[in-house]
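**Q** The structure is given below, and queries will be raised subsequently.
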Amino acid sequence: MSSVLYDAPGAKARARHRIFGLVSIVVVAAIIAFVLWRFAETGQFSAAKWQIFTFARVQQTLLDATGATLSAFGVAAVGSLALGLFLAVGRLSDRPWVSTPFHWFTELFRAIPVLILMMLLYYGLPPALGVKWPPYTAVVIALVLYNGSVLAEVFRAGIEALPKGQREAGMAIGLRKSQVMASILLPQAVRSMLPVIISQLVVTLKDTALGFIVTYNEILFQAKFFGSQVQYGTPIVPSAIVAGVLYVGMCLILSGLAKLAERQLRRSQRVAGPKRGAPALSAAQGAADKI
C-alpha cells in the first residue's frame, strides 16, 4: 500500500523505527535518571530542604499565590478573547481606513514579548506619564494585549478558512454584514479553531509566571522567595518542583475543561444542527449559487 506522499514502511523500516524508538526511550530515561541522581547526591531530596513546605503558613501563602495566578489568568483570558474578536472583525473590514489600523495594532503587540510589555507598563510608564499601576494591572494588560493580538489572527484565519458561500448565503437571505459575522461566520470559526484557542489560553496561564519580574505575588514569585531562604538550606530545586507541579496541574485542568467544552459543542452541533435553520440555510445557499 502506498500514498501520494510516501510509501508505507516495510518490515525492515518498521523494525528500524522500533529500534530508534527504543533507543530514544533509553536515552531520555538515562537523562532523567542522571538528573534525579544528581539531585539526590546534592541533597535536594533531603528532609531539611523540604521542611519549609510543611508549615501551614507557607502552604497558605502558596494557596494565595495560586489564587493570584488564577485571578490574573481569568481576567486576561476573558480580555484576550474579547480583544481578539474585536481585532479580527476590524481586520476583516472592507474599508481600508478601518482594517489598516487594526492590522498594525495586531502586528505591533504580537511582536513585543510579554515580559517587555510588563516591564514597560510597570517600570516605564510611571516616570514618563506619572502613572502608578499596581503589578496586577501591568500583568493583566500585558497578557491581554499580547494574547489578544495572537487570538485575533486565530479568529481571522478561522473565518477566512470558511467557504465563501457561507457569507454569500447569509447576504442572500437579507442579513447585514454584522449579522452574518455574528450568526454564521464566528460560531463556525470558533468551533473549528477551538484547539488553537485552548492552546493559546494555556500559554496565557503559563505567562502569568512572568509577573514575578514586576513583583506580582504569584506562584513563581513565592517560589523564588522560598528558594532563597538560607535557614532552610536554600531550597531552590524543591521550590521550583513545587511551582512546576502547581503550574502543570492547572494547565492539565484547563486543558481537560476545554476539551470537555469542545466535546459538548460538537455534540450539540450534531444534535441541533439538522433541526435549526437547515432549510433556510440550504435555500439561501441555493439562491447564492444562482446569483
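In the C-alpha cells, chains take letters A, B, ... by order of appearance, with residues numbered from 1 within each chain and ligands from 1 in the order shown.
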If you run DSSP over the backbone, which residues in range 57-182 of chain A end up alpha helix (DSSP H)? Put them as an NGL selection string.
**A** :A and (57-91 or 96-111 or 114-119 or 125-129 or 135-160 or 164-172 or 177-180)
**Q** Could you work out how far CA of Ala182 in chain A lies from CA of Ala76 in chain A, giving the answer in Å with one decimal?
**A**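 So the two atoms, CA of Ala76 in chain A and CA of Ala182 in chain A, lie 22.7 Å apart.
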**Q** Mind giving me the straight-line distance from CA of Phe73 in chain A to CA of Leu205 in chain A in Å, one decimal?
**A** 5.5 Å
**Q** Please provide as a PyMOL selection string all residues within 10 Å of Phe221 in chain A, with the sequence filter that same-chain residues fewer than 3 positions apart are discarded (counting only C-alpha atoms).
**A** chain A and resi 62+65+209-218+224-227+243
**Q** May I ask for the distance between CA of Tyr136 in chain A and CA of Thr234 in chain A, given in Å to one decimal place?
**A**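 Interatomic distance, CA of Tyr136 in chain A to CA of Thr234 in chain A: 27.7 Å.
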**Q** For His103 in chain A, which of A:Leu125, A:Val150, A:Met118, A:Ala161 is the closest residue, counting only C-alpha atoms?
**A**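 Among A:Leu125, A:Val150, A:Met118, A:Ala161, it is A:Val150 that comes nearest to His103 in chain A.
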**Q** For Leu186 in chain A, which residue out of A:Gly158, A:Pro163, A:Gly79, A:Gly256 is the nearest one, using only C-alpha atoms?
**A** A:Gly158
**Q** May I ask which of the residues A:Ile253, A:Ala138, A:Leu151, A:Ile32 is the closest one to Ala88 in chain A, counting only C-alpha atoms?
**A**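 Closest to Ala88 in chain A, using only C-alpha atoms: A:Leu151.
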